[in-house]
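What follows is the content of protein.txt, which has compact mmCIF, C-alpha atoms and all ligand atoms:
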```txt
# COMPACT_ATOMS: atom_id res chain seq x y z
CA MET M 242 -24.57 13.68 -9.51
CA TYR M 243 -21.15 14.61 -10.59
CA GLY M 244 -18.97 11.48 -10.83
CA SER M 245 -15.74 11.08 -8.93
CA ASN M 246 -13.81 11.17 -12.17
CA PRO M 247 -14.81 13.71 -14.81
CA LEU M 248 -13.09 11.64 -17.46
CA GLN M 249 -15.29 8.66 -16.69
CA GLY M 250 -17.64 7.57 -19.41
CA VAL M 251 -16.17 10.05 -21.83
CA LYS M 252 -14.48 8.82 -24.95
CA ASP M 253 -10.84 9.72 -24.56
CA ARG M 254 -9.12 11.44 -27.41
CA ALA M 255 -5.61 12.78 -27.75
CA ALA M 256 -5.55 16.55 -27.36
CA ALA M 257 -4.13 16.84 -30.84
CA ASP M 258 -7.53 15.63 -32.15
CA VAL M 259 -9.40 18.33 -30.32
CA PRO M 260 -9.97 21.56 -32.22
CA GLY M 261 -8.68 24.59 -30.38
CA VAL M 262 -6.47 22.62 -28.00
CA GLN M 263 -2.87 23.37 -28.74
CA ASP M 264 0.06 21.26 -27.67
CA LEU M 265 2.14 23.94 -26.00
CA ARG M 266 4.96 21.68 -24.89
CA ASP M 267 8.38 22.07 -26.34
CA ALA M 268 9.69 19.58 -28.86
CA GLY M 269 11.88 17.67 -26.38
CA GLU M 270 9.00 17.02 -24.03
CA ARG M 271 6.71 16.01 -26.87
CA ARG M 272 9.24 13.40 -27.91
CA GLU M 273 9.60 12.02 -24.38
CA HIS M 274 5.88 11.74 -23.67
CA ALA M 275 4.17 10.82 -26.89
CA VAL M 276 0.56 11.15 -25.72
CA PRO M 277 -0.20 14.76 -24.96
CA LYS M 278 -3.10 15.48 -22.63
CA LYS M 279 -3.71 19.19 -22.75
CA ALA M 280 -7.33 19.47 -21.76
CA VAL M 281 -9.62 17.88 -19.25
CA ARG M 282 -12.84 16.69 -20.77
CA ILE M 283 -15.73 17.44 -18.51
CA ARG M 284 -19.10 15.90 -19.17
CA ASP M 285 -21.89 18.35 -18.67
CA GLU M 286 -24.56 16.31 -16.94
CA ALA M 287 -27.14 19.10 -16.89
CA ASP M 288 -27.60 19.58 -20.61
CA TYR M 289 -25.28 17.01 -22.02
CA ASP M 290 -24.72 17.44 -25.67
CA GLY M 291 -21.19 16.23 -26.08
CA VAL M 292 -17.88 16.66 -24.39
CA LEU M 293 -16.81 19.95 -22.97
CA ILE M 294 -13.17 20.71 -23.58
CA MET M 295 -11.47 22.65 -20.86
CA ARG M 296 -7.81 23.43 -20.52
CA LEU M 297 -6.77 22.81 -16.96
CA CYS M 298 -3.92 24.48 -15.05
CA ASP M 299 -3.31 24.17 -11.32
CA VAL M 300 -1.88 27.25 -9.60
CA HIS M 301 -1.13 25.55 -6.28
CA CYS M 302 0.92 22.36 -5.92
CA HIS M 303 3.69 21.68 -3.41
CA PHE M 304 6.93 20.08 -4.58
CA PHE M 305 7.81 18.05 -1.50
CA SER M 306 11.35 17.09 -2.43
CA THR M 307 13.99 15.09 -0.57
CA ARG M 308 15.74 18.36 0.31
CA PHE M 309 12.43 19.77 1.64
CA LEU M 310 12.14 16.84 4.07
CA GLU M 311 15.79 17.22 5.12
CA ILE M 312 15.49 20.94 5.89
CA LEU M 313 12.08 20.56 7.55
CA THR M 314 13.33 17.95 10.01
CA GLY M 315 16.76 19.53 10.65
CA GLY M 316 15.83 20.15 14.31
CA LEU M 317 14.42 16.70 15.07
CA PRO M 318 16.91 14.83 17.24
CA ASP M 319 15.76 11.25 16.72
CA LEU M 320 16.56 10.92 13.04
CA PRO M 321 19.65 9.41 11.43
CA GLU M 322 21.94 11.83 9.57
CA ALA M 323 22.24 9.49 6.59
CA ASP M 324 19.00 8.67 4.77
CA ARG M 325 17.16 11.20 6.90
CA ALA M 326 14.54 11.98 4.22
CA LEU M 327 13.94 8.26 3.62
CA GLU M 328 13.18 7.74 7.32
CA VAL M 329 10.93 10.82 7.39
CA SER M 330 8.94 9.65 4.38
CA HIS M 331 8.40 6.28 6.09
CA ARG M 332 7.05 8.04 9.15
CA LEU M 333 4.71 10.11 7.03
CA GLY M 334 3.55 7.15 4.95
CA TRP M 335 4.73 8.94 1.81
CA ASP M 336 6.70 7.62 -1.12
CA PHE M 337 10.35 8.66 -0.91
CA PRO M 338 10.68 11.66 -3.28
CA GLY M 339 14.10 10.62 -4.64
CA SER M 340 15.94 13.04 -6.92
CA ALA M 341 14.36 16.35 -7.97
CA ASP M 342 14.47 15.22 -11.62
CA GLY M 343 12.77 11.92 -10.76
CA LEU M 344 10.08 13.68 -8.75
CA ALA M 345 9.56 16.16 -11.60
CA ASP M 346 9.02 13.27 -14.02
CA ARG M 347 6.55 11.67 -11.64
CA TRP M 348 4.57 14.91 -11.36
CA ALA M 349 4.59 15.39 -15.14
CA ALA M 350 3.21 11.86 -15.61
CA GLU M 351 0.63 12.52 -12.90
CA LEU M 352 -0.52 15.71 -14.63
CA ASP M 353 -0.75 13.77 -17.91
CA ARG M 354 -2.90 11.16 -16.22
CA HIS M 355 -5.37 13.80 -15.07
CA GLY M 356 -5.30 15.97 -18.17
CA VAL M 357 -3.63 18.89 -16.42
CA ALA M 358 -1.65 21.06 -18.82
CA ARG M 359 0.43 23.12 -16.41
CA ALA M 360 0.99 23.56 -12.69
CA ALA M 361 2.71 25.97 -10.33
CA ILE M 362 4.95 23.97 -8.01
CA ILE M 363 6.10 25.46 -4.73
CA ALA M 364 9.46 24.96 -3.01
CA SER M 365 7.79 24.75 0.37
CA ILE M 366 10.61 25.68 2.73
CA PRO M 367 13.29 28.37 2.43
CA GLY M 368 16.46 26.78 1.02
CA ASP M 369 14.76 24.32 -1.35
CA GLU M 370 14.67 26.61 -4.39
CA ASP M 371 17.11 24.43 -6.36
CA SER M 372 14.78 21.40 -6.34
CA VAL M 373 11.96 23.32 -7.98
CA ALA M 374 14.35 25.04 -10.37
CA ALA M 375 15.55 21.58 -11.49
CA ALA M 376 11.96 20.43 -12.04
CA VAL M 377 11.18 23.53 -14.12
CA ARG M 378 14.34 23.06 -16.20
CA ARG M 379 13.29 19.50 -16.92
CA HIS M 380 9.67 20.30 -17.88
CA PRO M 381 9.63 24.01 -18.70
CA SER M 382 6.25 24.03 -20.37
CA ARG M 383 4.53 22.04 -17.60
CA PHE M 384 5.81 23.73 -14.44
CA VAL M 385 6.03 27.27 -13.14
CA GLY M 386 8.36 27.55 -10.12
CA PHE M 387 7.34 29.26 -6.88
CA PHE M 388 9.36 29.33 -3.65
CA MET M 389 8.63 30.02 0.00
CA PHE M 390 10.59 33.09 1.06
CA ASN M 391 11.33 34.49 4.51
CA PRO M 392 12.15 38.21 4.26
CA THR M 393 13.24 38.41 7.91
CA GLN M 394 16.40 36.35 7.44
CA GLY M 395 19.66 36.51 5.57
CA ASP M 396 20.61 38.42 2.46
CA VAL M 397 17.11 39.21 1.17
CA GLY M 398 18.20 40.97 -2.03
CA GLY M 399 20.81 38.36 -2.94
CA ARG M 400 18.52 35.40 -2.39
CA LEU M 401 15.71 36.96 -4.41
CA ARG M 402 18.08 37.87 -7.25
CA ARG M 403 19.33 34.28 -7.41
CA ALA M 404 15.88 32.66 -7.26
CA LEU M 405 14.22 35.00 -9.75
CA GLY M 406 17.26 35.51 -11.98
CA GLU M 407 19.62 32.56 -12.21
CA LEU M 408 17.03 29.94 -11.17
CA ARG M 409 14.22 31.54 -13.19
CA LEU M 410 11.53 30.99 -10.56
CA ARG M 411 8.42 33.11 -11.07
CA GLY M 412 6.51 33.27 -7.80
CA ILE M 413 7.61 34.42 -4.32
CA CYS M 414 5.51 32.80 -1.57
CA LEU M 415 5.10 34.76 1.65
CA PHE M 416 3.88 33.22 4.92
CA PRO M 417 3.83 36.21 7.29
CA ALA M 418 2.07 34.29 10.09
CA MET M 419 4.86 31.69 10.03
CA HIS M 420 7.83 34.03 9.73
CA GLY M 421 6.60 36.92 11.88
CA TYR M 422 6.35 40.17 9.92
CA ARG M 423 3.60 42.48 8.77
CA LEU M 424 2.55 42.67 5.14
CA ASP M 425 2.60 46.48 5.21
CA GLU M 426 6.12 46.86 6.59
CA GLU M 427 9.34 47.60 4.76
CA ARG M 428 10.53 43.99 4.60
CA ALA M 429 7.39 43.05 2.68
CA ARG M 430 7.73 46.11 0.44
CA ASP M 431 11.29 45.06 -0.43
CA VAL M 432 9.92 41.74 -1.69
CA PHE M 433 7.34 43.50 -3.85
CA ALA M 434 10.03 45.81 -5.24
CA ALA M 435 12.12 42.77 -6.29
CA ALA M 436 9.03 41.13 -7.80
CA ALA M 437 8.44 44.27 -9.86
CA VAL M 438 12.01 44.19 -11.20
CA HIS M 439 11.79 40.50 -12.15
CA ASN M 440 8.14 40.47 -13.26
CA ALA M 441 7.43 37.85 -10.61
CA VAL M 442 4.16 37.05 -8.89
CA VAL M 443 3.83 37.39 -5.10
CA PHE M 444 1.79 34.64 -3.49
CA VAL M 445 0.67 35.50 0.03
CA HIS M 446 -0.83 33.11 2.52
CA CYS M 447 -3.41 34.96 4.60
CA GLY M 448 -5.85 33.77 7.26
CA VAL M 449 -5.63 30.52 9.16
CA LEU M 450 -2.46 28.51 8.62
CA THR M 451 -2.00 24.84 9.41
CA VAL M 452 0.81 22.86 7.83
CA GLY M 453 -0.22 19.20 7.78
CA VAL M 454 3.28 17.79 7.45
CA ARG M 455 4.52 19.79 10.48
CA LYS M 456 1.60 18.54 12.57
CA LYS M 457 2.18 14.95 11.54
CA LEU M 458 5.87 15.12 12.49
CA GLY M 459 5.13 16.88 15.80
CA LEU M 460 6.96 20.05 14.74
CA PRO M 461 5.90 23.17 16.66
CA SER M 462 3.87 25.70 14.69
CA PRO M 463 3.68 28.90 16.78
CA PHE M 464 2.16 30.99 14.01
CA ASP M 465 0.75 34.48 14.59
CA LEU M 466 -2.47 34.41 12.57
CA ARG M 467 -2.98 38.16 12.96
CA LEU M 468 -0.13 38.73 10.52
CA GLY M 469 -1.89 37.04 7.60
CA ASP M 470 -4.07 40.09 7.09
CA PRO M 471 -5.44 40.76 3.58
CA LEU M 472 -6.00 44.43 4.44
CA ALA M 473 -2.30 44.92 5.29
CA LEU M 474 -1.54 43.14 2.03
CA ALA M 475 -3.84 45.52 0.15
CA THR M 476 -1.81 48.49 1.43
CA THR M 477 1.39 47.08 -0.07
CA ALA M 478 -0.20 45.65 -3.21
CA ALA M 479 -1.70 49.04 -4.03
CA ARG M 480 1.81 50.58 -3.96
CA PHE M 481 2.99 48.08 -6.58
CA PRO M 482 0.13 47.93 -9.07
CA GLN M 483 2.30 46.17 -11.67
CA VAL M 484 2.98 43.19 -9.35
CA ARG M 485 0.42 40.40 -9.65
CA VAL M 486 -0.55 38.99 -6.25
CA ILE M 487 -2.25 35.66 -5.51
CA VAL M 488 -3.94 34.83 -2.21
CA PRO M 489 -4.69 31.10 -1.76
CA HIS M 490 -7.79 29.38 -0.36
CA PHE M 491 -10.06 32.43 -0.79
CA GLY M 492 -8.17 34.04 2.10
CA ALA M 493 -8.43 30.96 4.38
CA GLY M 494 -11.05 32.39 6.70
CA GLN M 495 -10.42 36.07 5.93
CA PHE M 496 -12.86 35.91 3.02
CA ARG M 497 -14.54 39.24 3.64
CA GLU M 498 -11.20 41.01 4.19
CA LEU M 499 -9.81 39.43 1.02
CA LEU M 500 -12.79 40.64 -1.00
CA MET M 501 -12.20 44.14 0.43
CA ALA M 502 -8.53 43.88 -0.55
CA VAL M 503 -9.45 42.66 -4.04
CA ASP M 504 -11.82 45.61 -4.43
CA HIS M 505 -9.07 47.97 -3.26
CA SER M 506 -6.21 46.59 -5.37
CA PRO M 507 -6.91 45.35 -8.91
CA ASN M 508 -3.66 43.32 -8.90
CA ILE M 509 -4.83 40.90 -6.18
CA HIS M 510 -6.01 37.49 -7.42
CA ILE M 511 -7.71 34.64 -5.58
CA ASP M 512 -6.72 30.96 -5.65
CA SER M 513 -9.48 28.45 -5.00
CA SER M 514 -7.23 25.63 -3.78
CA SER M 515 -7.72 22.99 -1.10
CA SER M 516 -10.85 21.63 0.54
CA ASN M 517 -11.50 25.14 1.91
CA SER M 518 -12.30 23.84 5.38
CA TRP M 519 -12.15 27.46 6.60
CA MET M 520 -15.81 27.65 5.52
CA LYS M 521 -16.63 26.13 8.92
CA TYR M 522 -16.05 29.58 10.45
CA TYR M 523 -19.04 30.93 8.50
CA PRO M 524 -22.38 29.34 9.41
CA GLY M 525 -24.09 27.77 6.41
CA LEU M 526 -21.52 28.90 3.85
CA THR M 527 -21.21 26.72 0.73
CA LEU M 528 -18.50 26.56 -1.91
CA ASP M 529 -20.85 27.69 -4.67
CA ALA M 530 -21.74 30.77 -2.61
CA VAL M 531 -18.03 31.43 -2.10
CA PHE M 532 -17.36 31.26 -5.83
CA ARG M 533 -20.39 33.42 -6.61
CA GLN M 534 -19.25 36.14 -4.22
CA ALA M 535 -15.60 35.94 -5.27
CA LEU M 536 -16.60 36.30 -8.92
CA ALA M 537 -18.96 39.16 -8.14
CA VAL M 538 -16.13 41.15 -6.53
CA ALA M 539 -12.98 39.95 -8.33
CA GLY M 540 -14.48 39.09 -11.72
CA PRO M 541 -13.64 35.93 -13.67
CA GLU M 542 -10.12 37.15 -14.62
CA ARG M 543 -8.89 37.19 -11.03
CA VAL M 544 -9.94 33.76 -9.77
CA LEU M 545 -7.57 30.83 -10.42
CA PHE M 546 -8.16 27.13 -9.89
CA GLY M 547 -5.79 25.26 -7.58
CA THR M 548 -5.76 21.99 -5.67
CA ASP M 549 -2.98 22.22 -3.03
CA SER M 550 -1.70 18.78 -4.12
CA SER M 551 1.57 17.79 -2.45
CA PHE M 552 2.82 14.23 -1.92
CA PHE M 553 2.77 10.73 -3.36
CA PRO M 554 1.19 8.22 -3.39
CA ARG M 555 -1.84 10.52 -3.04
CA GLY M 556 -0.72 12.56 -6.04
CA TRP M 557 -2.82 15.12 -7.85
CA GLN M 558 -6.04 15.90 -5.99
CA GLN M 559 -8.73 15.14 -8.56
CA PRO M 560 -11.62 15.31 -5.99
CA ILE M 561 -10.85 19.02 -5.54
CA LEU M 562 -11.46 19.55 -9.26
CA ALA M 563 -14.73 17.61 -9.08
CA ALA M 564 -15.96 19.61 -6.07
CA GLN M 565 -14.97 22.97 -7.53
CA ASP M 566 -16.42 22.27 -10.96
CA ALA M 567 -19.68 21.16 -9.33
CA ALA M 568 -19.72 24.35 -7.23
CA LEU M 569 -19.11 26.56 -10.27
CA ARG M 570 -21.97 24.86 -12.11
CA ALA M 571 -24.24 25.26 -9.08
CA ALA M 572 -23.29 28.95 -9.03
CA GLY M 573 -24.38 29.22 -12.66
CA VAL M 574 -20.92 30.28 -13.92
CA SER M 575 -20.67 30.26 -17.72
CA ASP M 576 -18.41 27.90 -19.67
CA GLU M 577 -16.39 30.90 -20.80
CA ASP M 578 -15.71 32.04 -17.24
CA ARG M 579 -15.02 28.51 -16.05
CA ALA M 580 -12.41 28.20 -18.81
CA LYS M 581 -10.68 31.33 -17.45
CA ILE M 582 -10.71 30.01 -13.89
CA PHE M 583 -9.53 26.51 -14.83
CA GLY M 584 -6.71 27.56 -17.16
CA GLY M 585 -6.99 30.82 -19.07
CA ASN M 586 -6.00 33.07 -16.19
CA PHE M 587 -2.98 30.89 -15.39
CA ASP M 588 -1.76 31.09 -18.99
CA ARG M 589 -2.21 34.86 -18.98
CA LEU M 590 -0.28 35.30 -15.71
CA PHE M 591 2.44 32.85 -16.70
CA PRO M 592 2.93 33.00 -20.46
CA LEU M 593 5.13 30.28 -21.89
CA SER M 594 8.48 31.88 -22.55
ZN ZN M 601 -0.58 24.96 -0.06
```

Structure translated into structure tokens:
Amino acid sequence: MYGSNPLQGVKDRAAADVPGVQDLRDAGERREHAVPKKAVRIRDEADYDGVLIMRLCDVHCHFFSTRFLEILTGGLPDLPEADRALEVSHRLGWDFPGSADGLADRWAAELDRHGVARAAIIASIPGDEDSVAAAVRRHPSRFVGFFMFNPTQGDVGGRLRRALGELRLRGICLFPAMHGYRLDEERARDVFAAAAVHNAVVFVHCGVLTVGVRKKLGLPSPFDLRLGDPLALATTAARFPQVRVIVPHFGAGQFRELLMAVDHSPNIHIDSSSSNSWMKYYPGLTLDAVFRQALAVAGPERVLFGTDSSFFPRGWQQPILAAQDAALRAAGVSDEDRAKIFGGNFDRLFPLS
């Protein structure tokens, strides 16, 4: 059986000792954190003949900042104005996020602990772009900044220019079911046009949408699930072939439609993140079958590993890695293709600048 910790029982070595594993961090970061961990070492239990070196990048983490908690709970009447985020984190049983810089340091240390080289971190509510931008400024070779964007409100062009230009964020996250627009309408096309100008990625949540933190706080979530349609996305994605698109959680229940969209538009990528509980909608479906089918349609260059990690003290979701690596092995995926899924594709989509 695959152990709960892939590092267990494996002699730990600094990445610098490992041939072919480069330390891609900038000099300042190397000085601050003397022990680089650039690759996860995965023991191959089937035909074990040493330690498999695999660079690991996570395309889906949420940066749940203090500002995120403040904006999220803006409408809740029973919270104090001062120390609002502190009170909310108590209610949630989370550690208080503190400053964006402090939270960025905590995430960088957490990635070190798990041997994760780089991660995309998402500003998970409109208006929290600055927190993620601060984290990226602090650890530019560890984090790629994404931000949730609502194209139905405010000065769309101005906000996108600021986030992608001045703040240097690299991924626009769309949640059409939450914000109420179609992926094939003009407002969505405007987002793709801006992404093309700034060479940004568009991340689009399709399928079923539940936001755990909203549920836990009793916030209403009147989402229109029909709007998270991969086929409507394919229509827009095909008009902007230069814009790379990522759909999380294998389409979150719209697996077949996502595979059709992927077949239609070669710029659509799949993220494997979360526990993928949407599989309950398909009788008998297993994660290895999901990977096998995704790879058969999208190919190994268009599937990216992600966890959907979000808050502390839980931290980075190592069990997701264990489950996904086990599924990829069960699906008979080669080491070369696993290396693309676990890190190579991320580095290609988000080259270190
Ligand atoms: Zn997520």

Neighbours of Arg467 in chain M within 9 Å (only C-alpha atoms; same-chain residues fewer than 4 positions away dropped), as a PDB file with C-alpha atoms, keeping the file's coordinate frame?
```pdb
ATOM      1  CA  ALA M 418       2.070  34.290  10.090  1.00  0.00           C
ATOM      2  CA  ARG M 423       3.600  42.480   8.770  1.00  0.00           C
ATOM      3  CA  CYS M 447      -3.410  34.960   4.600  1.00  0.00           C
ATOM      4  CA  GLY M 448      -5.850  33.770   7.260  1.00  0.00           C
ATOM      5  CA  VAL M 449      -5.630  30.520   9.160  1.00  0.00           C
TER       6      VAL M 449
END
```

For the atom pair CA of Asp465 in chain M and CA of Asp431 in chain M, what is the interatomic distance in Å to one decimal place?
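If I compute the distance from CA of Asp465 in chain M to CA of Asp431 in chain M, I get 21.2 Å.
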
I'd like the interatomic distance between CA of Leu500 in chain M and CA of Phe416 in chain M, to a tenth of an Å.
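Calculated distance between CA of Leu500 in chain M and CA of Phe416 in chain M is 19.2 Å.
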
Let me make sure I understand: among M:Met501, M:Val438, M:Ala535, M:Leu528, which one has the smallest atom-to-atom distance to Ala567 in chain M if we use all atoms listed in the file?
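Smallest separation from Ala567 in chain M among the options: M:Leu528.
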
For CA of Pro392 in chain M and CA of Gln495 in chain M, quote the distance in Å rounded to one decimal.
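According to the coordinates, CA of Pro392 in chain M and CA of Gln495 in chain M are separated by 22.7 Å.
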
Working from the structure I just supplied, which lacks atoms in range 315-327 of chain M, can you model N, CA and C atoms there and output them as a PDB file, in the coordinates of the input?
```pdb
ATOM      1  N   GLY M 315      15.399  19.243  10.176  1.00  0.00           N
ATOM      2  CA  GLY M 315      16.760  19.530  10.650  1.00  0.00           C
ATOM      3  C   GLY M 315      16.856  19.570  12.168  1.00  0.00           C
ATOM      4  N   GLY M 316      15.787  20.007  12.860  1.00  0.00           N
ATOM      5  CA  GLY M 316      15.830  20.150  14.310  1.00  0.00           C
ATOM      6  C   GLY M 316      15.359  18.912  15.068  1.00  0.00           C
ATOM      7  N   LEU M 317      14.919  17.889  14.372  1.00  0.00           N
ATOM      8  CA  LEU M 317      14.420  16.700  15.070  1.00  0.00           C
ATOM      9  C   LEU M 317      15.592  15.807  15.468  1.00  0.00           C
ATOM     10  N   PRO M 318      15.711  15.520  16.765  1.00  0.00           N
ATOM     11  CA  PRO M 318      16.910  14.830  17.240  1.00  0.00           C
ATOM     12  C   PRO M 318      16.945  13.326  16.941  1.00  0.00           C
ATOM     13  N   ASP M 319      15.789  12.708  16.786  1.00  0.00           N
ATOM     14  CA  ASP M 319      15.760  11.250  16.720  1.00  0.00           C
ATOM     15  C   ASP M 319      15.774  10.698  15.304  1.00  0.00           C
ATOM     16  N   LEU M 320      16.479  11.393  14.424  1.00  0.00           N
ATOM     17  CA  LEU M 320      16.560  10.920  13.040  1.00  0.00           C
ATOM     18  C   LEU M 320      18.016  10.677  12.660  1.00  0.00           C
ATOM     19  N   PRO M 321      18.259   9.668  11.845  1.00  0.00           N
ATOM     20  CA  PRO M 321      19.650   9.410  11.430  1.00  0.00           C
ATOM     21  C   PRO M 321      20.124  10.498  10.471  1.00  0.00           C
ATOM     22  N   GLU M 322      21.405  10.810  10.482  1.00  0.00           N
ATOM     23  CA  GLU M 322      21.940  11.830   9.570  1.00  0.00           C
ATOM     24  C   GLU M 322      21.879  11.331   8.132  1.00  0.00           C
ATOM     25  N   ALA M 323      22.310  10.065   7.946  1.00  0.00           N
ATOM     26  CA  ALA M 323      22.240   9.490   6.590  1.00  0.00           C
ATOM     27  C   ALA M 323      20.809   9.014   6.356  1.00  0.00           C
ATOM     28  N   ASP M 324      20.344   9.142   5.150  1.00  0.00           N
ATOM     29  CA  ASP M 324      19.000   8.670   4.770  1.00  0.00           C
ATOM     30  C   ASP M 324      17.900   9.274   5.632  1.00  0.00           C
ATOM     31  N   ARG M 325      18.127  10.506   6.049  1.00  0.00           N
ATOM     32  CA  ARG M 325      17.160  11.200   6.900  1.00  0.00           C
ATOM     33  C   ARG M 325      15.780  11.317   6.203  1.00  0.00           C
ATOM     34  N   ALA M 326      15.802  11.758   4.939  1.00  0.00           N
ATOM     35  CA  ALA M 326      14.540  11.980   4.220  1.00  0.00           C
ATOM     36  C   ALA M 326      13.792  10.658   3.992  1.00  0.00           C
ATOM     37  N   LEU M 327      14.559   9.586   3.815  1.00  0.00           N
ATOM     38  CA  LEU M 327      13.940   8.260   3.620  1.00  0.00           C
ATOM     39  C   LEU M 327      13.168   7.864   4.888  1.00  0.00           C
TER      40      LEU M 327
END
```
